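Shown below: my_file.txt, with compact mmCIF, C-alpha atoms and all ligand atoms.
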```
# COMPACT_ATOMS: atom_id res chain seq x y z
CA MET A 25 -23.86 6.41 0.87
CA GLU A 26 -22.82 9.75 2.25
CA TYR A 27 -21.48 12.67 0.27
CA TRP A 28 -19.59 15.76 1.32
CA ASN A 29 -21.81 17.84 -0.94
CA PRO A 30 -24.73 15.71 -2.15
CA TYR A 31 -25.96 18.32 -4.62
CA ILE A 32 -22.84 18.71 -6.72
CA GLU A 33 -21.72 15.10 -6.38
CA THR A 34 -24.90 13.78 -7.97
CA LEU A 35 -25.71 16.57 -10.40
CA PRO A 36 -26.94 15.13 -13.74
CA ARG A 37 -24.24 15.30 -16.43
CA GLU A 38 -26.12 17.76 -18.58
CA GLU A 39 -26.43 20.19 -15.68
CA MET A 40 -22.81 19.68 -14.70
CA GLU A 41 -21.61 20.50 -18.19
CA LYS A 42 -23.63 23.70 -18.24
CA VAL A 43 -22.16 24.73 -14.89
CA GLU A 44 -18.62 23.92 -16.04
CA LEU A 45 -18.95 25.82 -19.26
CA SER A 46 -20.21 28.88 -17.46
CA TYR A 47 -17.48 28.65 -14.81
CA PHE A 48 -14.91 28.27 -17.57
CA LYS A 49 -16.10 31.43 -19.28
CA ASN A 50 -15.95 33.31 -15.98
CA ILE A 51 -12.43 32.25 -15.12
CA LEU A 52 -11.24 32.91 -18.68
CA SER A 53 -12.53 36.42 -18.60
CA TYR A 54 -11.18 36.94 -15.07
CA ALA A 55 -7.73 35.67 -16.11
CA LYS A 56 -7.62 37.98 -19.12
CA ASP A 57 -8.48 40.96 -16.94
CA HIS A 58 -6.13 40.19 -14.05
CA SER A 59 -3.09 38.15 -15.11
CA ILE A 60 -0.38 39.47 -17.43
CA LEU A 61 0.24 35.96 -18.74
CA TYR A 62 -3.33 35.53 -19.97
CA ARG A 63 -3.78 39.10 -21.10
CA GLU A 64 -0.97 38.43 -23.57
CA LYS A 65 -1.61 34.77 -24.29
CA LEU A 66 -5.34 34.97 -24.91
CA ARG A 67 -5.41 38.17 -26.91
CA GLY A 68 -8.15 37.75 -29.51
CA ILE A 69 -10.07 35.11 -27.53
CA GLU A 70 -13.24 36.34 -25.84
CA ALA A 71 -15.25 34.48 -23.22
CA ASN A 72 -18.40 35.20 -25.19
CA ASP A 73 -17.06 33.23 -28.14
CA ILE A 74 -16.82 30.09 -26.01
CA ASN A 75 -20.11 28.24 -26.21
CA SER A 76 -19.14 24.58 -26.21
CA PHE A 77 -16.38 22.21 -25.16
CA GLU A 78 -15.29 22.15 -28.79
CA ASP A 79 -14.66 25.90 -28.59
CA ILE A 80 -12.48 25.33 -25.53
CA ARG A 81 -10.18 23.04 -27.56
CA ARG A 82 -9.09 26.02 -29.65
CA ILE A 83 -7.61 27.80 -26.65
CA PRO A 84 -3.84 27.24 -26.30
CA LEU A 85 -2.56 25.08 -23.44
CA THR A 86 -0.50 26.53 -20.59
CA GLY A 87 2.84 24.86 -19.77
CA LYS A 88 5.03 24.95 -16.70
CA GLU A 89 7.86 26.65 -18.65
CA GLU A 90 5.58 29.58 -19.41
CA LEU A 91 4.74 29.96 -15.72
CA ARG A 92 8.44 30.03 -14.88
CA ARG A 93 9.12 32.63 -17.56
CA TYR A 94 6.31 34.92 -16.45
CA GLN A 95 7.46 34.62 -12.85
CA GLU A 96 10.68 36.38 -13.74
CA MET A 97 8.82 39.70 -13.96
CA GLU A 98 7.47 41.88 -11.13
CA PRO A 99 5.89 41.64 -8.61
CA TYR A 100 8.42 39.31 -7.02
CA PRO A 101 8.14 36.30 -6.67
CA TYR A 102 4.88 35.59 -8.49
CA GLY A 103 5.29 37.87 -11.50
CA GLY A 104 2.83 37.82 -14.37
CA VAL A 105 0.83 34.79 -13.24
CA LEU A 106 -0.61 36.58 -10.21
CA GLY A 107 -4.34 37.12 -10.53
CA VAL A 108 -4.90 39.45 -7.56
CA ASP A 109 -3.24 42.42 -5.86
CA ILE A 110 -0.17 41.03 -4.08
CA LYS A 111 -1.46 42.49 -0.81
CA GLU A 112 -4.30 39.95 -0.91
CA VAL A 113 -1.86 37.01 -0.87
CA THR A 114 -1.84 35.25 2.51
CA ALA A 115 0.16 32.09 1.83
CA PHE A 116 3.35 31.29 -0.05
CA ARG A 117 3.62 27.80 -1.53
CA GLN A 118 5.86 26.34 -4.19
CA SER A 119 6.29 23.29 -6.39
CA SER A 120 8.99 20.78 -5.47
CA GLY A 121 11.35 21.82 -8.24
CA THR A 122 12.13 18.19 -9.15
CA THR A 123 11.74 19.10 -12.84
CA GLY A 124 13.55 22.45 -12.76
CA LYS A 125 13.18 25.86 -11.16
CA PRO A 126 10.25 25.82 -8.72
CA VAL A 127 7.00 27.61 -9.50
CA TYR A 128 5.88 29.97 -6.72
CA VAL A 129 2.20 29.66 -5.92
CA PRO A 130 0.30 32.58 -4.38
CA GLU A 131 -2.83 31.86 -2.36
CA THR A 132 -5.25 34.41 -1.00
CA TYR A 133 -7.39 33.46 1.96
CA GLU A 134 -10.26 32.88 -0.46
CA SER A 135 -8.31 30.73 -2.93
CA TRP A 136 -6.85 28.76 -0.07
CA GLN A 137 -10.34 27.96 1.22
CA TRP A 138 -11.26 26.84 -2.29
CA ARG A 139 -8.32 24.41 -2.30
CA ILE A 140 -9.28 23.09 1.14
CA GLU A 141 -12.84 22.47 -0.03
CA THR A 142 -11.65 20.38 -3.00
CA TRP A 143 -9.54 18.37 -0.57
CA CYS A 144 -12.51 17.83 1.74
CA HIS A 145 -14.17 16.04 -1.15
CA ILE A 146 -11.13 13.77 -1.47
CA LEU A 147 -11.06 12.93 2.22
CA TYR A 148 -14.78 12.42 2.51
CA MET A 149 -15.06 10.14 -0.50
CA THR A 150 -12.16 8.03 0.75
CA GLY A 151 -14.00 7.52 4.03
CA PHE A 152 -12.15 9.91 6.35
CA ARG A 153 -14.51 10.86 9.17
CA ALA A 154 -14.58 12.41 12.62
CA ARG A 155 -13.58 9.09 14.22
CA HIS A 156 -10.19 9.21 12.51
CA ARG A 157 -7.00 10.43 14.09
CA VAL A 158 -4.85 11.07 11.02
CA PHE A 159 -1.08 10.84 11.04
CA LEU A 160 0.74 12.94 8.44
CA PRO A 161 4.31 11.61 8.41
CA PHE A 162 6.10 14.57 6.81
CA GLY A 163 7.52 17.99 7.53
CA TYR A 164 5.33 20.33 5.49
CA ASN A 165 7.87 22.97 4.49
CA VAL A 166 6.49 25.03 1.54
CA TYR A 167 4.80 22.07 -0.14
CA VAL A 168 1.16 22.62 -0.69
CA ALA A 169 -0.35 19.13 -0.51
CA PHE A 170 0.56 18.58 3.15
CA TRP A 171 -0.98 21.90 4.19
CA GLU A 172 -4.11 21.09 2.21
CA ALA A 173 -4.30 17.65 3.77
CA HIS A 174 -3.85 19.18 7.21
CA TYR A 175 -6.55 21.83 6.97
CA ALA A 176 -9.01 19.65 5.06
CA SER A 177 -8.71 16.94 7.74
CA GLU A 178 -9.72 19.49 10.32
CA LYS A 179 -12.60 20.70 8.17
CA VAL A 180 -14.10 17.23 7.74
CA GLY A 181 -13.77 16.72 11.48
CA CYS A 182 -10.77 14.41 11.76
CA GLU A 183 -8.09 14.92 14.37
CA LEU A 184 -4.70 15.54 12.80
CA VAL A 185 -1.29 14.54 14.16
CA PRO A 186 1.54 16.33 12.30
CA GLY A 187 4.54 14.01 12.01
CA GLY A 188 7.29 16.35 10.83
CA ALA A 189 10.73 16.71 12.47
CA LEU A 190 10.91 12.98 13.27
CA ASP A 191 12.75 10.17 11.54
CA THR A 192 10.87 7.09 10.38
CA LYS A 193 11.37 5.25 13.68
CA GLY A 194 10.18 8.30 15.58
CA ARG A 195 7.09 8.42 13.38
CA ILE A 196 6.31 4.78 14.02
CA TYR A 197 6.54 5.38 17.78
CA LYS A 198 4.31 8.45 17.38
CA ILE A 199 1.64 6.43 15.52
CA ILE A 200 1.70 3.89 18.37
CA GLU A 201 1.70 6.57 21.08
CA THR A 202 -1.19 8.58 19.60
CA ARG A 203 -3.10 5.48 18.39
CA ALA A 204 -3.51 7.18 15.02
CA ASN A 205 -5.87 5.15 12.84
CA ALA A 206 -5.43 6.83 9.45
CA MET A 207 -2.47 8.06 7.44
CA MET A 208 -1.62 10.06 4.31
CA ASN A 209 1.62 9.28 2.53
CA THR A 210 3.32 8.43 -0.74
CA PRO A 211 3.08 4.72 -1.67
CA THR A 212 6.86 4.49 -1.37
CA TYR A 213 6.85 5.86 2.13
CA GLY A 214 4.00 3.56 3.14
CA LEU A 215 6.16 0.59 2.09
CA HIS A 216 9.18 2.09 3.81
CA ILE A 217 7.34 2.55 7.13
CA ALA A 218 6.23 -1.08 6.91
CA GLU A 219 9.82 -2.25 6.25
CA GLU A 220 11.18 -0.12 9.11
CA ALA A 221 8.44 -1.27 11.50
CA ARG A 222 9.29 -4.90 10.78
CA SER A 223 12.97 -4.23 11.44
CA MET A 224 11.87 -2.92 14.85
CA GLY A 225 9.90 -6.13 15.47
CA ILE A 226 6.54 -4.43 14.92
CA THR A 227 4.11 -5.82 12.36
CA PRO A 228 2.63 -3.06 10.16
CA GLU A 229 -0.93 -4.24 10.80
CA SER A 230 -0.46 -3.87 14.54
CA LEU A 231 -0.07 -0.11 14.01
CA GLY A 232 -3.88 -0.01 13.68
CA ILE A 233 -4.06 2.14 10.54
CA GLU A 234 -7.48 1.55 8.98
CA ARG A 235 -7.41 4.07 6.14
CA MET A 236 -4.54 5.34 4.01
CA LEU A 237 -4.64 8.04 1.36
CA CYS A 238 -1.76 8.01 -1.10
CA ALA A 239 -0.42 10.37 -3.76
CA GLY A 240 2.80 11.75 -5.14
CA GLU A 241 3.62 8.86 -7.48
CA PRO A 242 1.68 6.70 -9.92
CA MET A 243 0.51 3.75 -7.82
CA PRO A 244 0.04 0.42 -9.61
CA GLU A 245 -2.94 -1.60 -8.38
CA ALA A 246 -0.48 -4.21 -7.09
CA THR A 247 1.22 -1.63 -4.85
CA ARG A 248 -2.14 -0.44 -3.53
CA LYS A 249 -3.11 -4.04 -2.73
CA ARG A 250 0.30 -4.71 -1.18
CA LEU A 251 -0.20 -1.76 1.18
CA GLU A 252 -3.69 -3.03 2.03
CA GLU A 253 -2.24 -6.45 2.90
CA LEU A 254 0.63 -5.03 4.93
CA TYR A 255 -1.49 -2.71 7.05
CA HIS A 256 -4.80 -4.62 6.83
CA CYS A 257 -6.42 -1.33 5.82
CA HIS A 258 -8.18 0.47 2.96
CA VAL A 259 -5.79 2.27 0.62
CA PHE A 260 -6.84 4.99 -1.83
CA ASP A 261 -5.08 6.92 -4.55
CA HIS A 262 -5.54 10.51 -5.63
CA ILE A 263 -3.95 12.79 -8.19
CA GLY A 264 -3.04 16.44 -8.43
CA GLY A 265 -0.23 18.91 -8.53
CA THR A 266 0.95 22.08 -6.85
CA GLU A 267 -0.18 24.40 -9.63
CA PRO A 268 -3.65 23.03 -10.49
CA CYS A 269 -4.42 21.55 -6.98
CA ALA A 270 -5.56 17.96 -6.34
CA TRP A 271 -8.17 17.27 -9.00
CA GLY A 272 -9.06 13.55 -8.80
CA SER A 273 -9.52 10.82 -6.22
CA MET A 274 -10.67 7.26 -5.74
CA CYS A 275 -13.95 6.73 -3.95
CA GLU A 276 -14.73 3.75 -1.72
CA ALA A 277 -15.50 1.62 -4.79
CA LYS A 278 -11.72 1.79 -5.54
CA GLN A 279 -12.28 1.56 -9.28
CA GLY A 280 -10.53 4.42 -10.93
CA LEU A 281 -10.43 8.04 -9.81
CA HIS A 282 -13.28 10.57 -9.92
CA ILE A 283 -12.60 14.05 -11.23
CA ILE A 284 -13.66 16.59 -8.65
CA GLU A 285 -16.34 18.48 -10.52
CA PRO A 286 -17.24 21.28 -11.01
CA PHE A 287 -14.09 22.50 -9.30
CA PHE A 288 -12.03 21.38 -12.27
CA LEU A 289 -12.50 21.00 -15.96
CA VAL A 290 -10.32 18.04 -16.89
CA GLU A 291 -9.67 17.14 -20.50
CA VAL A 292 -7.88 13.94 -21.51
CA LEU A 293 -6.16 14.76 -24.79
CA ASP A 294 -4.54 12.69 -27.48
CA ARG A 295 -0.82 12.55 -26.64
CA GLU A 296 0.51 13.22 -30.14
CA THR A 297 -1.56 16.20 -31.18
CA LEU A 298 -2.92 17.49 -27.84
CA ARG A 299 -5.94 18.57 -29.84
CA LYS A 300 -8.74 16.08 -29.36
CA GLU A 301 -10.29 14.34 -26.38
CA VAL A 302 -9.57 10.59 -26.35
CA ASP A 303 -12.30 7.94 -26.07
CA GLU A 304 -13.10 5.92 -22.98
CA GLY A 305 -10.38 3.32 -22.32
CA GLN A 306 -7.70 5.28 -24.17
CA MET A 307 -4.56 6.90 -22.87
CA GLY A 308 -4.13 10.65 -22.95
CA VAL A 309 -2.61 13.66 -21.22
CA ALA A 310 -4.64 15.35 -18.49
CA VAL A 311 -5.18 19.05 -19.10
CA VAL A 312 -6.71 20.80 -16.10
CA THR A 313 -8.48 24.12 -15.60
CA PRO A 314 -9.22 24.95 -11.95
CA LEU A 315 -12.58 26.70 -12.25
CA GLY A 316 -12.74 28.80 -9.11
CA ARG A 317 -9.32 30.08 -8.20
CA ARG A 318 -8.52 33.77 -8.68
CA SER A 319 -5.11 34.17 -7.04
CA PHE A 320 -3.35 32.07 -9.68
CA PRO A 321 -5.65 31.56 -12.64
CA LEU A 322 -4.72 28.67 -14.90
CA ILE A 323 -6.41 27.99 -18.19
CA ARG A 324 -5.90 24.53 -19.72
CA PHE A 325 -2.81 23.65 -17.70
CA ASN A 326 -0.85 20.77 -19.23
CA THR A 327 -0.14 18.50 -16.25
CA TYR A 328 1.98 16.02 -18.25
CA ASP A 329 0.14 13.31 -16.34
CA VAL A 330 -0.73 10.43 -18.63
CA VAL A 331 -4.03 8.81 -17.66
CA ILE A 332 -6.58 6.40 -19.08
CA LYS A 333 -10.02 7.86 -19.54
CA GLY A 334 -12.64 5.91 -17.60
CA LYS A 335 -16.39 5.49 -17.80
CA THR A 336 -18.58 7.84 -15.84
CA ASP A 337 -20.93 5.60 -13.91
CA CYS A 338 -19.85 4.36 -10.51
CA SER A 339 -21.45 2.22 -7.81
CA CYS A 340 -20.99 5.12 -5.37
CA GLY A 341 -23.68 7.08 -7.22
CA ARG A 342 -21.53 10.11 -8.01
CA THR A 343 -22.02 11.51 -11.47
CA TRP A 344 -18.45 12.81 -11.62
CA LYS A 345 -16.36 11.73 -14.59
CA LYS A 346 -13.62 9.19 -14.01
CA ILE A 347 -10.16 8.23 -15.11
CA SER A 348 -9.56 4.51 -14.84
CA GLU A 349 -5.81 4.68 -14.27
CA VAL A 350 -2.89 7.05 -13.79
CA VAL A 351 -0.17 5.74 -16.09
CA GLY A 352 2.64 8.10 -15.16
CA ARG A 353 4.33 11.34 -16.07
CA ALA A 354 4.60 11.97 -19.81
CA ASP A 355 8.34 12.53 -19.35
CA ASP A 356 8.68 9.11 -17.66
CA LEU A 357 7.30 7.30 -20.69
CA ARG A 358 10.27 6.59 -22.95
CA LYS A 359 10.97 4.89 -26.20
CA ILE A 360 13.65 2.28 -25.59
CA ARG A 361 14.79 0.38 -28.70
CA GLY A 362 11.60 1.52 -30.35
CA VAL A 363 9.38 0.17 -27.58
CA LEU A 364 7.23 2.49 -25.43
CA PHE A 365 8.32 1.88 -21.85
CA SER A 366 6.56 2.93 -18.63
CA PRO A 367 8.48 2.50 -15.33
CA LYS A 368 5.15 1.80 -13.64
CA THR A 369 4.91 -1.55 -15.49
CA VAL A 370 8.05 -2.73 -13.70
CA GLU A 371 6.82 -1.55 -10.34
CA ALA A 372 3.55 -3.44 -10.90
CA LEU A 373 5.44 -6.62 -11.77
CA ILE A 374 7.71 -6.40 -8.73
CA ARG A 375 4.88 -5.71 -6.27
CA GLU A 376 2.73 -8.49 -7.76
CA GLU A 377 5.23 -11.28 -8.19
CA PHE A 378 8.51 -10.44 -6.47
CA GLN A 379 7.84 -9.63 -2.86
CA GLU A 380 11.37 -10.81 -2.06
CA ILE A 381 12.70 -7.71 -3.86
CA VAL A 382 12.84 -4.93 -1.29
CA GLU A 383 14.24 -2.18 -3.50
CA TYR A 384 15.22 -1.68 -7.12
CA GLU A 385 16.56 0.89 -9.55
CA MET A 386 16.52 1.01 -13.34
CA MET A 387 18.70 2.84 -15.79
CA VAL A 388 18.82 3.09 -19.54
CA GLU A 389 22.10 4.01 -21.26
CA ARG A 390 23.36 4.18 -24.80
CA LYS A 391 26.07 1.62 -25.57
CA GLY A 392 27.31 2.31 -29.10
CA ILE A 393 24.15 2.59 -31.14
CA MET A 394 22.10 0.38 -28.82
CA ASP A 395 20.08 1.28 -25.76
CA GLU A 396 20.92 -0.88 -22.80
CA VAL A 397 18.49 -1.12 -19.93
CA ASN A 398 19.51 -2.51 -16.58
CA ILE A 399 17.91 -3.13 -13.21
CA ARG A 400 19.66 -3.40 -9.84
CA ILE A 401 17.78 -5.17 -7.09
CA GLU A 402 18.06 -5.78 -3.38
CA ILE A 403 16.71 -9.04 -2.03
CA ASP A 404 15.24 -9.70 1.40
CA PRO A 405 17.80 -11.64 3.51
CA SER A 406 15.32 -14.47 4.10
CA ALA A 407 15.22 -15.11 0.32
CA GLU A 408 19.01 -14.89 -0.09
CA PRO A 409 19.51 -18.63 -0.87
CA LYS A 410 17.13 -18.28 -3.84
CA ALA A 411 18.68 -15.04 -5.12
CA LYS A 412 19.98 -16.43 -8.43
CA GLU A 413 16.66 -18.10 -9.18
CA ILE A 414 14.77 -14.85 -8.42
CA GLU A 415 17.10 -12.90 -10.68
CA LYS A 416 16.57 -15.33 -13.55
CA ARG A 417 12.80 -15.33 -13.15
CA LEU A 418 12.76 -11.50 -12.99
CA LYS A 419 14.70 -11.29 -16.27
CA GLU A 420 12.19 -13.57 -17.98
CA LYS A 421 9.13 -11.78 -16.63
CA LEU A 422 10.53 -8.35 -17.51
CA LYS A 423 11.00 -9.52 -21.07
CA ILE A 424 7.37 -10.66 -21.23
CA ARG A 425 5.91 -7.51 -19.64
CA THR A 426 8.01 -4.86 -21.37
CA ASN A 427 9.33 -6.51 -24.52
CA LEU A 428 12.82 -5.46 -23.44
CA SER A 429 15.82 -7.53 -22.34
CA PHE A 430 17.12 -6.18 -19.02
CA GLN A 431 20.61 -6.61 -17.60
CA THR A 432 20.11 -7.58 -13.95
CA LYS A 433 22.36 -7.20 -10.92
CA ILE A 434 21.87 -8.12 -7.25
CA GLU A 435 23.13 -5.49 -4.80
CA PRO A 436 23.82 -5.92 -1.07
CA LEU A 437 20.94 -4.85 1.18
CA GLY A 438 20.97 -1.09 1.82
CA THR A 439 22.93 -0.12 -1.35
CA LEU A 440 20.09 1.57 -3.23
CA PRO A 441 18.53 4.85 -2.11
CA ARG A 442 15.34 4.82 -0.02
CA TYR A 443 12.78 7.50 -0.76
CA THR A 444 10.46 9.32 1.56
CA LEU A 445 8.62 11.49 -0.99
CA LYS A 446 8.66 10.94 -4.71
CA ALA A 447 10.67 7.87 -5.66
CA LYS A 448 13.04 8.09 -8.63
CA ARG A 449 13.67 4.48 -9.55
CA PHE A 450 14.21 5.08 -13.25
CA LYS A 451 17.06 7.05 -14.84
CA ASP A 452 17.52 7.80 -18.50
CA GLU A 453 21.22 8.48 -19.09
CA ARG A 454 21.05 8.45 -22.88
CA GLU A 455 20.98 12.19 -23.43
CA ARG A 456 23.98 13.05 -21.29
ZN ZN A 501 -17.36 6.33 -7.20
```
Show this structure as C-alpha cells.
Ligand SMILES: [Zn+2]
Amino acid sequence: MEYWNPYIETLPREEMEKVELSYFKNILSYAKDHSILYREKLRGIEANDINSFEDIRRIPLTGKEELRRYQEMEPYPYGGVLGVDIKEVTAFRQSSGTTGKPVYVPETYESWQWRIETWCHILYMTGFRARHRVFLPFGYNVYVAFWEAHYASEKVGCELVPGGALDTKGRIYKIIETRANAMMNTPTYGLHIAEEARSMGITPESLGIERMLCAGEPMPEATRKRLEELYHCHVFDHIGGTEPCAWGSMCEAKQGLHIIEPFFLVEVLDRETLRKEVDEGQMGVAVVTPLGRRSFPLIRFNTYDVVIKGKTDCSCGRTWKKISEVVGRADDLRKIRGVLFSPKTVEALIREEFQEIVEYEMMVERKGIMDEVNIRIEIDPSAEPKAKEIEKRLKEKLKIRTNLSFQTKIEPLGTLPRYTLKAKRFKDERER
C-alpha cells in the first residue's frame, strides 16, 4: 500500500488528536486576530481555554448566512471574513450560488497550496498516478473544485486534459482522441456521458476510462456500481465544499470515506441539537474546521451535509477517521406527511432496480391539507412496450422504500432536464 504522506496517514489516533487540538487552538487564535467575523463572534473565547474536544463543542458554529452578511462590508468583495491583507490574495473563487448569493473565497498563494495538498491526498488514495491521463469534462469558471482537481493532478504526476468549451459529444471525441484513461465528474454527468456515447454508437467501456473520481452530489452505492459497470472502471466518491475545501474521500477499499486529517477537524453532530457528537453508525451533520488555512479562516463551519459516522479502522491501513455514507444535504431531507424523506433513497432504488428509467424528477406539493408527492419518469425506448408494468412496479417499490404513495407519470424521452453539474431532481413546492 502506498500513501501520499505515510507519516500523517498512519499516525496513531492519540497523536493525531493531539496534533488536531493544537492546530485548532492555533487557527482559533489566528482567526480572532485577523478576521472581523471571528473577532466579534468569538469575543470571550480564548485559545488557551480550549484543552479538549469537549471544550471545542462550546464554540458557536459558523453558518453560510453569516459569511454572506460579513462579506457586505469592506474590503470588497471578501469583507469581514478575510484573514489576510487583501494584497496577499492571489486567486478569486466563489461558491456556486445554488442556495442563494454566492460566497466569495479569497486564496493566497500559501492557502491555495494548502488546498492543493489536501486534494493530492484524495487523488493518491483513489489510485491516481503518473500513468493516468485525466480528463476533466468541465469549463472551470470561478468554481474552486475544478481548479483544485487540475493542479493536484499535476502535483501527483498525472497528465491533465482540460475539457471545457466543448459540448458532451465534443468531450467524448476528446477522450477518444487523447486516450484519456481517468476522469473526474459528477455522478450525473458520468451517466450522461455514457448515455450520449451510446447514442453515438460508442460503448462507454470502450472509452478506456479506468478510474473515475466523483463529487458534487450524494452518490448512492448503486449509482457508483452502475458507473463501474458502464465504464468497466473503478469509481470513487469524495466530499467537500467551496468554503471548507474537500475534506473526505474514499480510498481503494471503497468502504466509506476517510476524513483528511489533520488538515480538517470534522465533527458529526446530532441533527436536532447540533451540540453533541453522534455515535458510530448514526446520522449527523458534518461540521468542519479547516486547520491550516489563513486567507479565509473558518471555525466550526456548518456544512449542512448529513452523513453517517463510520468506524475508524480500514483495510488500507490509514488511521484517518471515516464516515460510512453521505446521506445528502440537510435541506434536501424533508418531512412529507410526517415521514422523513431523502431524495437519495429514490435515486438508489432507480439505479438498482430500474435501469430502464433514463431520467426522473420528483416534486412535492400541498393539495388542500395533504402533501402530494409525484414522480415523472422517462423510459428507454427499448423498454417502451413494458412501460405500464415498469410504472406499476416503481409505484410499489417506492411505497416500500419511502413509506410514501407517489403519483407517477411517464414522459416522452427528452422532456425532463439533463444536468451536467449538480442535479436537481427533487422540488419542494409546498412553501410557495
Ligand atoms: Zn481506507
Taking only residues of chain A that have an atom at most 9 Å from an atom of ligand ZN 501 (chain A), what is each one's shortest atom pair and its distance in Å to one decimal, using all atoms listed in the file, in chain and number order, as a tab-separated table?
```
residue	atom	partner	partner_atom	distance
A:Met149	CA	A:ZN501	ZN	8.0
A:Met274	CA	A:ZN501	ZN	6.9
A:Cys275	CA	A:ZN501	ZN	4.7
A:Glu276	CA	A:ZN501	ZN	6.6
A:Ala277	CA	A:ZN501	ZN	5.6
A:Lys278	CA	A:ZN501	ZN	7.4
A:Gln279	CA	A:ZN501	ZN	7.3
A:Gly280	CA	A:ZN501	ZN	8.0
A:Leu281	CA	A:ZN501	ZN	7.6
A:His282	CA	A:ZN501	ZN	6.5
A:Thr336	CA	A:ZN501	ZN	8.9
A:Asp337	CA	A:ZN501	ZN	7.6
A:Cys338	CA	A:ZN501	ZN	4.6
A:Ser339	CA	A:ZN501	ZN	5.8
A:Cys340	CA	A:ZN501	ZN	4.2
A:Gly341	CA	A:ZN501	ZN	6.4
A:Arg342	CA	A:ZN501	ZN	5.7
A:Thr343	CA	A:ZN501	ZN	8.2
A:Trp344	CA	A:ZN501	ZN	7.9
A:Lys346	CA	A:ZN501	ZN	8.3
```
Would you mind listing, for every residue of segment 119-229 of chain A within 7 Å of segment 251-268 of chain A, the two atoms forming the shortest contact and the distance between them in Å to one decimal, using all atoms listed in the file, sorted by chain and ascending residue number, as a Markdown table?
```
| residue | atom | partner | partner_atom | distance |
| --- | --- | --- | --- | --- |
| A:Ser119 | CA | A:Thr266 | CA | 5.5 |
| A:Val129 | CA | A:Glu267 | CA | 6.9 |
| A:Thr150 | CA | A:Phe260 | CA | 6.6 |
| A:Val168 | CA | A:Thr266 | CA | 6.2 |
| A:Leu215 | CA | A:Leu251 | CA | 6.8 |
| A:Pro228 | CA | A:Tyr255 | CA | 5.2 |
| A:Glu229 | CA | A:Tyr255 | CA | 4.1 |
```
Exercise: Ile196 of chain A partners within 9 Å, all atoms listed in the file, chain neighbours under 5 positions left out, as JSON, numbers by chain: {"A": [191, 201, 217, 220, 221, 231]}
Nearby residues (all atoms listed in the file) at most 9 Å from Val363 of chain A, same-chain spacing under 2 positions excluded, as a count of residues only: 8
d(atom CA of Glu413 of chain A, atom CA of Arg449 of chain A) in Å: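 Result for atom CA of Glu413 of chain A versus atom CA of Arg449 of chain A: 22.8 Å, one decimal.
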Of the listed residues A:Arg63, A:His156, A:Arg442, A:Arg195, that which approaches Val180 of chain A most closely, counting all atoms listed in the file: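 Ranking A:Arg63, A:His156, A:Arg442, A:Arg195 by distance to Val180 of chain A, first place goes to A:His156.
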Expected answer as a list of chain:residue names: all residues with atoms within 7 Å of (22.2, -6.5, -18.9), only C-alpha atoms: A:Glu396, A:Val397, A:Asn398, A:Phe430, A:Gln431, A:Thr432
Nearby residues (only C-alpha atoms) at most 9 Å from Glu172 of chain A, same-chain spacing under 6 positions excluded, as number ranges by chain: A: 136, 139-140, 143
Nearest to Gly188 of chain A, chosen from A:Pro161, A:Pro321, A:Gly214, A:Pro367, with all atoms listed in the file counted in the distances: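 Of A:Pro161, A:Pro321, A:Gly214, A:Pro367, the one nearest Gly188 of chain A is A:Pro161, counting all atoms listed in the file.
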Distance criterion (only C-alpha atoms): nearest to Arg400 of chain A out of A:Val166, A:Ser429, A:Phe450, A:Gly352: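 Nearest to Arg400 of chain A: A:Phe450.
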Distance of atom CA of Thr192 of chain A from atom CA of Val382 of chain A, expressed in Å to one decimal place: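 One can read the atom CA of Val382 of chain A to atom CA of Thr192 of chain A distance as 16.9 Å.
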One-decimal distance in Å that lies between atom CA of Glu453 of chain A and atom CA of Arg375 of chain A: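 Taking atom CA of Arg375 of chain A as the start and atom CA of Glu453 of chain A as the end point, the length is 25.2 Å.
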Option closest in space to Ala246 of chain A, from A:Val127, A:Val105, A:Ile283, A:Leu373 [counting all atoms listed in the file]: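 Smallest distance to Ala246 of chain A is found for A:Leu373.
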